[in-house]
Every structure is written in C-alpha cells, then in structure tokens.
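Engineer: PDB, N, CA and C atoms, saved as coords-v6.pdb, coming up:
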```
MODEL        1
ATOM      1  N   MET A 255     -12.488  50.760  -2.501
ATOM      2  CA  MET A 255     -11.567  49.896  -1.795
ATOM      3  C   MET A 255     -12.323  48.839  -0.990
ATOM      4  N   LYS A 256     -13.423  49.274  -0.342
ATOM      5  CA  LYS A 256     -14.213  48.343   0.450
ATOM      6  C   LYS A 256     -14.839  47.274  -0.445
ATOM      7  N   LYS A 257     -15.212  47.645  -1.664
ATOM      8  CA  LYS A 257     -15.824  46.688  -2.590
ATOM      9  C   LYS A 257     -14.807  45.633  -3.011
ATOM     10  N   ILE A 258     -13.579  46.056  -3.215
ATOM     11  CA  ILE A 258     -12.524  45.106  -3.617
ATOM     12  C   ILE A 258     -12.243  44.134  -2.478
ATOM     13  N   ILE A 259     -12.127  44.638  -1.276
ATOM     14  CA  ILE A 259     -11.878  43.774  -0.123
ATOM     15  C   ILE A 259     -13.045  42.813   0.084
ATOM     16  N   SER A 260     -14.265  43.326  -0.050
ATOM     17  CA  SER A 260     -15.443  42.470   0.094
ATOM     18  C   SER A 260     -15.456  41.379  -0.967
ATOM     19  N   LEU A 261     -15.089  41.724  -2.197
ATOM     20  CA  LEU A 261     -15.052  40.748  -3.283
ATOM     21  C   LEU A 261     -14.004  39.668  -3.018
ATOM     22  N   ILE A 262     -12.846  40.079  -2.559
ATOM     23  CA  ILE A 262     -11.780  39.119  -2.238
ATOM     24  C   ILE A 262     -12.226  38.186  -1.117
ATOM     25  N   LEU A 263     -12.813  38.743  -0.061
ATOM     26  CA  LEU A 263     -13.285  37.913   1.051
ATOM     27  C   LEU A 263     -14.399  36.970   0.616
ATOM     28  N   PHE A 264     -15.224  37.401  -0.330
ATOM     29  CA  PHE A 264     -16.299  36.555  -0.840
ATOM     30  C   PHE A 264     -15.749  35.420  -1.699
ATOM     31  N   LEU A 265     -14.734  35.694  -2.517
ATOM     32  CA  LEU A 265     -14.197  34.692  -3.436
ATOM     33  C   LEU A 265     -13.169  33.761  -2.803
ATOM     34  N   LEU A 266     -12.561  34.153  -1.712
ATOM     35  CA  LEU A 266     -11.512  33.352  -1.086
ATOM     36  C   LEU A 266     -11.945  31.916  -0.768
ATOM     37  N   PRO A 267     -13.113  31.687  -0.167
ATOM     38  CA  PRO A 267     -13.510  30.293   0.096
ATOM     39  C   PRO A 267     -13.648  29.469  -1.188
ATOM     40  N   PHE A 268     -14.112  30.076  -2.262
ATOM     41  CA  PHE A 268     -14.252  29.352  -3.520
ATOM     42  C   PHE A 268     -12.888  28.968  -4.093
ATOM     43  N   ILE A 269     -11.924  29.846  -3.962
ATOM     44  CA  ILE A 269     -10.574  29.569  -4.450
ATOM     45  C   ILE A 269      -9.958  28.421  -3.667
ATOM     46  N   ILE A 270     -10.138  28.431  -2.363
ATOM     47  CA  ILE A 270      -9.571  27.381  -1.520
ATOM     48  C   ILE A 270     -10.202  26.031  -1.843
ATOM     49  N   PHE A 271     -11.522  25.985  -2.019
ATOM     50  CA  PHE A 271     -12.203  24.717  -2.257
ATOM     51  C   PHE A 271     -12.119  24.258  -3.703
ATOM     52  N   CYS A 272     -11.615  25.073  -4.601
ATOM     53  CA  CYS A 272     -11.506  24.686  -6.005
ATOM     54  C   CYS A 272     -10.209  23.949  -6.313
ATOM     55  N   GLN A 273      -9.376  23.718  -5.332
ATOM     56  CA  GLN A 273      -8.143  22.977  -5.570
ATOM     57  C   GLN A 273      -8.495  21.547  -5.932
ATOM     58  N   ASN A 274      -7.782  21.024  -6.916
ATOM     59  CA  ASN A 274      -8.033  19.649  -7.333
ATOM     60  C   ASN A 274      -7.527  18.689  -6.271
ATOM     61  N   LYS A 275      -8.375  17.758  -5.888
ATOM     62  CA  LYS A 275      -7.996  16.736  -4.920
ATOM     63  C   LYS A 275      -8.086  15.376  -5.584
ATOM     64  N   PHE A 276      -7.098  14.531  -5.280
ATOM     65  CA  PHE A 276      -7.051  13.200  -5.845
ATOM     66  C   PHE A 276      -6.737  12.196  -4.745
ATOM     67  N   THR A 277      -7.099  10.956  -5.001
ATOM     68  CA  THR A 277      -6.918   9.897  -4.013
ATOM     69  C   THR A 277      -5.933   8.861  -4.518
ATOM     70  N   ILE A 278      -5.010   8.489  -3.651
ATOM     71  CA  ILE A 278      -4.146   7.342  -3.915
ATOM     72  C   ILE A 278      -4.620   6.239  -2.973
ATOM     73  N   SER A 279      -4.781   5.055  -3.529
ATOM     74  CA  SER A 279      -5.260   3.936  -2.717
ATOM     75  C   SER A 279      -4.662   2.641  -3.240
ATOM     76  N   GLY A 280      -4.727   1.624  -2.422
ATOM     77  CA  GLY A 280      -4.212   0.327  -2.832
ATOM     78  C   GLY A 280      -4.072  -0.590  -1.638
ATOM     79  N   TYR A 281      -3.294  -1.632  -1.830
ATOM     80  CA  TYR A 281      -3.090  -2.633  -0.797
ATOM     81  C   TYR A 281      -1.613  -2.730  -0.440
ATOM     82  N   VAL A 282      -1.356  -3.133   0.787
ATOM     83  CA  VAL A 282       0.002  -3.403   1.240
ATOM     84  C   VAL A 282       0.084  -4.914   1.424
ATOM     85  N   LYS A 283       1.009  -5.547   0.683
ATOM     86  CA  LYS A 283       1.100  -7.005   0.681
ATOM     87  C   LYS A 283       2.541  -7.465   0.829
ATOM     88  N   ASP A 284       2.699  -8.685   1.325
ATOM     89  CA  ASP A 284       3.985  -9.350   1.342
ATOM     90  C   ASP A 284       4.292  -9.749  -0.101
ATOM     91  N   SER A 285       5.481  -9.397  -0.599
ATOM     92  CA  SER A 285       5.805  -9.639  -2.009
ATOM     93  C   SER A 285       5.965 -11.117  -2.343
ATOM     94  N   LEU A 286       6.306 -11.945  -1.363
ATOM     95  CA  LEU A 286       6.503 -13.368  -1.631
ATOM     96  C   LEU A 286       5.213 -14.169  -1.509
ATOM     97  N   SER A 287       4.484 -13.953  -0.429
ATOM     98  CA  SER A 287       3.278 -14.750  -0.186
ATOM     99  C   SER A 287       2.014 -14.106  -0.738
ATOM    100  N   GLY A 288       2.035 -12.788  -0.960
ATOM    101  CA  GLY A 288       0.830 -12.081  -1.400
ATOM    102  C   GLY A 288      -0.128 -11.782  -0.259
ATOM    103  N   GLU A 289       0.263 -12.164   0.959
ATOM    104  CA  GLU A 289      -0.576 -11.919   2.127
ATOM    105  C   GLU A 289      -0.654 -10.424   2.411
ATOM    106  N   THR A 290      -1.859  -9.924   2.715
ATOM    107  CA  THR A 290      -2.011  -8.504   3.025
ATOM    108  C   THR A 290      -1.439  -8.215   4.401
ATOM    109  N   LEU A 291      -0.899  -7.024   4.561
ATOM    110  CA  LEU A 291      -0.274  -6.619   5.820
ATOM    111  C   LEU A 291      -1.203  -5.640   6.546
ATOM    112  N   ILE A 292      -1.874  -6.156   7.538
ATOM    113  CA  ILE A 292      -2.847  -5.380   8.310
ATOM    114  C   ILE A 292      -2.106  -4.425   9.244
ATOM    115  N   GLY A 293      -2.526  -3.169   9.276
ATOM    116  CA  GLY A 293      -1.938  -2.197  10.192
ATOM    117  C   GLY A 293      -0.614  -1.621   9.738
ATOM    118  N   SER A 294      -0.285  -1.782   8.456
ATOM    119  CA  SER A 294       0.943  -1.163   7.959
ATOM    120  C   SER A 294       0.737   0.346   7.847
ATOM    121  N   SER A 295       1.808   1.084   7.925
ATOM    122  CA  SER A 295       1.756   2.547   7.923
ATOM    123  C   SER A 295       2.093   3.084   6.533
ATOM    124  N   VAL A 296       1.225   3.944   6.012
ATOM    125  CA  VAL A 296       1.482   4.653   4.754
ATOM    126  C   VAL A 296       1.388   6.137   5.078
ATOM    127  N   SER A 297       2.499   6.848   4.888
ATOM    128  CA  SER A 297       2.517   8.271   5.218
ATOM    129  C   SER A 297       3.032   9.094   4.050
ATOM    130  N   VAL A 298       2.731  10.397   4.109
ATOM    131  CA  VAL A 298       3.133  11.347   3.081
ATOM    132  C   VAL A 298       4.179  12.259   3.686
ATOM    133  N   PHE A 299       5.407  12.176   3.172
ATOM    134  CA  PHE A 299       6.524  12.916   3.738
ATOM    135  C   PHE A 299       6.260  14.421   3.770
ATOM    136  N   GLU A 300       5.808  14.985   2.671
ATOM    137  CA  GLU A 300       5.651  16.439   2.558
ATOM    138  C   GLU A 300       4.514  16.997   3.406
ATOM    139  N   LYS A 301       3.553  16.177   3.761
ATOM    140  CA  LYS A 301       2.366  16.665   4.470
ATOM    141  C   LYS A 301       2.299  16.235   5.930
ATOM    142  N   SER A 302       3.215  15.406   6.378
ATOM    143  CA  SER A 302       3.136  14.848   7.733
ATOM    144  C   SER A 302       1.750  14.264   7.977
ATOM    145  N   LYS A 303       1.268  13.549   6.972
ATOM    146  CA  LYS A 303      -0.053  12.941   7.025
ATOM    147  C   LYS A 303       0.106  11.455   6.744
ATOM    148  N   GLY A 304      -0.682  10.643   7.418
ATOM    149  CA  GLY A 304      -0.553   9.216   7.183
ATOM    150  C   GLY A 304      -1.776   8.445   7.609
ATOM    151  N   ILE A 305      -1.732   7.145   7.335
ATOM    152  CA  ILE A 305      -2.851   6.263   7.640
ATOM    153  C   ILE A 305      -2.308   4.856   7.834
ATOM    154  N   THR A 306      -3.065   4.005   8.497
ATOM    155  CA  THR A 306      -2.699   2.599   8.585
ATOM    156  C   THR A 306      -3.664   1.786   7.725
ATOM    157  N   SER A 307      -3.148   0.702   7.176
ATOM    158  CA  SER A 307      -4.003  -0.149   6.345
ATOM    159  C   SER A 307      -5.030  -0.861   7.223
ATOM    160  N   ASN A 308      -6.200  -1.120   6.643
ATOM    161  CA  ASN A 308      -7.284  -1.735   7.409
ATOM    162  C   ASN A 308      -7.141  -3.257   7.490
ATOM    163  N   GLN A 309      -8.182  -3.944   7.908
ATOM    164  CA  GLN A 309      -8.127  -5.388   8.108
ATOM    165  C   GLN A 309      -7.958  -6.161   6.810
ATOM    166  N   TYR A 310      -8.070  -5.493   5.660
ATOM    167  CA  TYR A 310      -7.841  -6.124   4.356
ATOM    168  C   TYR A 310      -6.516  -5.687   3.738
ATOM    169  N   GLY A 311      -5.744  -4.888   4.469
ATOM    170  CA  GLY A 311      -4.481  -4.375   3.951
ATOM    171  C   GLY A 311      -4.663  -3.179   3.034
ATOM    172  N   PHE A 312      -5.868  -2.592   3.012
ATOM    173  CA  PHE A 312      -6.199  -1.487   2.108
ATOM    174  C   PHE A 312      -5.909  -0.142   2.773
ATOM    175  N   TYR A 313      -5.409   0.800   1.974
ATOM    176  CA  TYR A 313      -5.186   2.168   2.447
ATOM    177  C   TYR A 313      -5.734   3.145   1.410
ATOM    178  N   SER A 314      -6.020   4.365   1.828
ATOM    179  CA  SER A 314      -6.520   5.406   0.929
ATOM    180  C   SER A 314      -6.225   6.769   1.542
ATOM    181  N   ILE A 315      -5.615   7.644   0.747
ATOM    182  CA  ILE A 315      -5.289   9.001   1.205
ATOM    183  C   ILE A 315      -5.686   9.984   0.109
ATOM    184  N   THR A 316      -6.395  11.051   0.476
ATOM    185  CA  THR A 316      -6.791  12.088  -0.474
ATOM    186  C   THR A 316      -5.955  13.340  -0.215
ATOM    187  N   LEU A 317      -5.366  13.866  -1.308
ATOM    188  CA  LEU A 317      -4.482  15.034  -1.231
ATOM    189  C   LEU A 317      -4.766  15.969  -2.390
ATOM    190  N   THR A 318      -4.281  17.194  -2.271
ATOM    191  CA  THR A 318      -4.367  18.115  -3.395
ATOM    192  C   THR A 318      -3.359  17.693  -4.467
ATOM    193  N   GLU A 319      -3.585  18.145  -5.661
ATOM    194  CA  GLU A 319      -2.718  17.794  -6.791
ATOM    195  C   GLU A 319      -1.274  18.170  -6.491
ATOM    196  N   GLY A 320      -0.345  17.275  -6.866
ATOM    197  CA  GLY A 320       1.065  17.553  -6.634
ATOM    198  C   GLY A 320       1.895  16.287  -6.656
ATOM    199  N   SER A 321       3.164  16.453  -6.363
ATOM    200  CA  SER A 321       4.105  15.344  -6.327
ATOM    201  C   SER A 321       4.460  15.062  -4.875
ATOM    202  N   TYR A 322       4.365  13.794  -4.465
ATOM    203  CA  TYR A 322       4.565  13.427  -3.075
ATOM    204  C   TYR A 322       5.426  12.180  -2.951
ATOM    205  N   GLU A 323       6.108  12.076  -1.804
ATOM    206  CA  GLU A 323       6.830  10.857  -1.454
ATOM    207  C   GLU A 323       5.987  10.099  -0.441
ATOM    208  N   PHE A 324       5.633   8.870  -0.790
ATOM    209  CA  PHE A 324       4.862   8.014   0.090
ATOM    210  C   PHE A 324       5.796   7.020   0.754
ATOM    211  N   ILE A 325       5.652   6.870   2.053
ATOM    212  CA  ILE A 325       6.513   5.979   2.831
ATOM    213  C   ILE A 325       5.637   4.874   3.414
ATOM    214  N   CYS A 326       5.986   3.639   3.089
ATOM    215  CA  CYS A 326       5.231   2.490   3.592
ATOM    216  C   CYS A 326       6.135   1.676   4.503
ATOM    217  N   SER A 327       5.657   1.421   5.723
ATOM    218  CA  SER A 327       6.467   0.650   6.667
ATOM    219  C   SER A 327       5.600  -0.344   7.425
ATOM    220  N   TYR A 328       6.258  -1.421   7.836
ATOM    221  CA  TYR A 328       5.603  -2.476   8.612
ATOM    222  C   TYR A 328       6.692  -3.173   9.422
ATOM    223  N   VAL A 329       6.395  -3.518  10.648
ATOM    224  CA  VAL A 329       7.384  -4.129  11.533
ATOM    225  C   VAL A 329       7.933  -5.405  10.891
ATOM    226  N   GLY A 330       9.267  -5.485  10.817
ATOM    227  CA  GLY A 330       9.922  -6.667  10.266
ATOM    228  C   GLY A 330      10.126  -6.630   8.763
ATOM    229  N   TYR A 331       9.701  -5.555   8.119
ATOM    230  CA  TYR A 331       9.839  -5.415   6.664
ATOM    231  C   TYR A 331      10.675  -4.179   6.339
ATOM    232  N   ILE A 332      11.253  -4.171   5.159
ATOM    233  CA  ILE A 332      12.029  -3.020   4.693
ATOM    234  C   ILE A 332      11.063  -1.892   4.333
ATOM    235  N   THR A 333      11.348  -0.688   4.807
ATOM    236  CA  THR A 333      10.527   0.477   4.489
ATOM    237  C   THR A 333      10.686   0.834   3.019
ATOM    238  N   GLN A 334       9.565   1.122   2.365
ATOM    239  CA  GLN A 334       9.580   1.525   0.957
ATOM    240  C   GLN A 334       9.221   2.997   0.835
ATOM    241  N   ILE A 335       9.903   3.681  -0.077
ATOM    242  CA  ILE A 335       9.596   5.076  -0.388
ATOM    243  C   ILE A 335       9.323   5.155  -1.877
ATOM    244  N   LYS A 336       8.193   5.729  -2.237
ATOM    245  CA  LYS A 336       7.805   5.826  -3.649
ATOM    246  C   LYS A 336       7.323   7.242  -3.930
ATOM    247  N   LYS A 337       7.921   7.886  -4.951
ATOM    248  CA  LYS A 337       7.489   9.220  -5.359
ATOM    249  C   LYS A 337       6.408   9.064  -6.421
ATOM    250  N   ILE A 338       5.264   9.701  -6.196
ATOM    251  CA  ILE A 338       4.125   9.592  -7.100
ATOM    252  C   ILE A 338       3.560  10.974  -7.365
ATOM    253  N   ASP A 339       3.283  11.255  -8.639
ATOM    254  CA  ASP A 339       2.624  12.501  -9.036
ATOM    255  C   ASP A 339       1.118  12.282  -9.028
ATOM    256  N   LEU A 340       0.404  13.081  -8.237
ATOM    257  CA  LEU A 340      -1.047  12.989  -8.186
ATOM    258  C   LEU A 340      -1.654  14.043  -9.094
ATOM    259  N   HIS A 341      -2.076  13.619 -10.276
ATOM    260  CA  HIS A 341      -2.789  14.495 -11.211
ATOM    261  C   HIS A 341      -4.114  13.850 -11.592
ATOM    262  N   GLU A 342      -4.347  12.676 -10.999
ATOM    263  CA  GLU A 342      -5.576  11.909 -11.160
ATOM    264  C   GLU A 342      -5.594  10.891 -10.028
ATOM    265  N   ASP A 343      -6.721  10.225  -9.844
ATOM    266  CA  ASP A 343      -6.765   9.174  -8.827
ATOM    267  C   ASP A 343      -5.799   8.066  -9.230
ATOM    268  N   VAL A 344      -5.052   7.559  -8.250
ATOM    269  CA  VAL A 344      -4.010   6.565  -8.514
ATOM    270  C   VAL A 344      -4.263   5.333  -7.634
ATOM    271  N   GLN A 345      -4.089   4.174  -8.235
ATOM    272  CA  GLN A 345      -4.134   2.934  -7.464
ATOM    273  C   GLN A 345      -2.713   2.358  -7.485
ATOM    274  N   PHE A 346      -2.123   2.229  -6.275
ATOM    275  CA  PHE A 346      -0.754   1.740  -6.161
ATOM    276  C   PHE A 346      -0.662   0.756  -4.999
ATOM    277  N   ASN A 347      -0.152  -0.428  -5.271
ATOM    278  CA  ASN A 347       0.032  -1.435  -4.236
ATOM    279  C   ASN A 347       1.486  -1.484  -3.789
ATOM    280  N   PHE A 348       1.703  -1.434  -2.485
ATOM    281  CA  PHE A 348       3.039  -1.614  -1.932
ATOM    282  C   PHE A 348       3.249  -3.096  -1.687
ATOM    283  N   GLU A 349       4.411  -3.598  -2.101
ATOM    284  CA  GLU A 349       4.745  -5.010  -1.852
ATOM    285  C   GLU A 349       6.126  -5.101  -1.240
TER     286      GLU A 349
ENDMDL
END
```
Taking this structure as input, can you express it in the form of structure tokens?
Structural biologist:
Amino acid sequence: MKKIISLILFLLPFIIFCQNKFTISGYVKDSLSGETLIGSSVSVFEKSKGITSNQYGFYSITLTEGSYEFICSYVGYITQIKKIDLHEDVQFNFE
C-alpha cells in the first residue's frame, strides 16, 4: 500500500505538468481605422483570467487545452465575445 501511495505521489507532478498548453495571441484594433487599441481588456470567462493589450495593441494568453469564451472590451467600444477552441496555438485579432 505504501508503495502505491509513493508511486502516486511521485507521478502526480508529472501528470499535472503534462497538460497541453496553448497560446492565443493577436491584436486589438479599431475595425474602421485599423488603429491599435492600447490597454484594451481581453479576458477568459471560464478562468477569471485576463490581460490588457500592450503599447502595440498586442495581447497573449496561455491556457490549457479546451474551449473558452474570450471577452474583449475597450472604453467607448462594443464588447466582443468570441468562443475559441484551443487545441493548438491560435492567432486571433479582435476588431
């Protein structure tokens, strides 16, 4: 019994770190002018995780494999919600 518990405790960190992780990244831009939106918010509904776009309007979030709803918002603009399946690295621009 002790050997089984020891084996499980030994393998547990490997199981946790073996989860596939993928990155979604892209730019947040004004759809009419193409101007990048600095400081826009991109968040993940299911994870309560988010980020703001940098000085180039670029964002990047790394998550485990799965299906997520991404919410993009910026003051004075309509909030966008996009459902994306992460099974590989994805490049997606919000406009």
Engineer: Which residues fall under the PyMOL selection byres (((chain A and resi 313-318 and name CA) around 9) and name CA) in this file, as a count of residues only?
Structural biologist: 29
Engineer: Figure out the distance between CA of Ser327 in chain A and CA of Gln309 in chain A, please, to one decimal in Å.
Structural biologist: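 If I compute the distance from CA of Gln309 in chain A to CA of Ser327 in chain A, I get 15.9 Å.
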Engineer: Give the strand (DSSP E or B) residues of chain A, as DSSP finds them on the backbone, and put them as a ChimeraX atom specification.
Structural biologist: /A:275-283,290,295-298,303-306,312-318,320-327,334-340,344-345,348
Engineer: Could you tell me how far atom C of Glu289 in chain A lies from atom C of Phe348 in chain A, in Å and to one decimal?
Structural biologist: 9.3 Å
Engineer: One decimal, Å: what's the distance from atom C of Phe299 in chain A over to atom C of Phe324 in chain A, could you say?
Structural biologist: 8.0 Å
Engineer: Using the chain letters and numbers from this document, which residues of chain A does DSSP assign to alpha helix (DSSP H), as a list in words?
Structural biologist: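 Checking each residue of chain A, the alpha helix (DSSP H) ones are Lys256, Lys257, Ile258, Ile259, Ser260, Leu261, Ile262, Leu263, Phe264, Leu265, Leu266, Pro267, Phe268, Ile269, Ile270 and Phe271 of chain A.
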Engineer: Using only the atoms of range 322-327 of chain A listed in the file, plus 6 Å on each side, state the axis-aligned box centre and edge lengths in Å rounded to one decimal, as AutoDock Vina command-line options.
Structural biologist:
```
--center_x 5.6 --center_y 6.7 --center_z 1.5 --size_x 14.5 --size_y 26.1 --size_z 23.9
```
Engineer: Carefully work through the PyMOL selection byres ((chain A and resi 338) around 5) for this structure and note down the residues it includes, as a short mmCIF file (atom, residue, chain, number, x, y, z; two decimals) with N, CA and C atoms, in the frame of the given file.
Structural biologist:
```cif
data_model
loop_
_atom_site.label_atom_id
_atom_site.label_comp_id
_atom_site.auth_asym_id
_atom_site.auth_seq_id
_atom_site.Cartn_x
_atom_site.Cartn_y
_atom_site.Cartn_z
N SER A 321 3.16 16.45 -6.36
CA SER A 321 4.11 15.34 -6.33
C SER A 321 4.46 15.06 -4.88
N TYR A 322 4.36 13.79 -4.46
CA TYR A 322 4.57 13.43 -3.08
C TYR A 322 5.43 12.18 -2.95
N LYS A 336 8.19 5.73 -2.24
CA LYS A 336 7.80 5.83 -3.65
C LYS A 336 7.32 7.24 -3.93
N LYS A 337 7.92 7.89 -4.95
CA LYS A 337 7.49 9.22 -5.36
C LYS A 337 6.41 9.06 -6.42
N ASP A 339 3.28 11.26 -8.64
CA ASP A 339 2.62 12.50 -9.04
C ASP A 339 1.12 12.28 -9.03
N LEU A 340 0.40 13.08 -8.24
CA LEU A 340 -1.05 12.99 -8.19
C LEU A 340 -1.65 14.04 -9.09
#
```
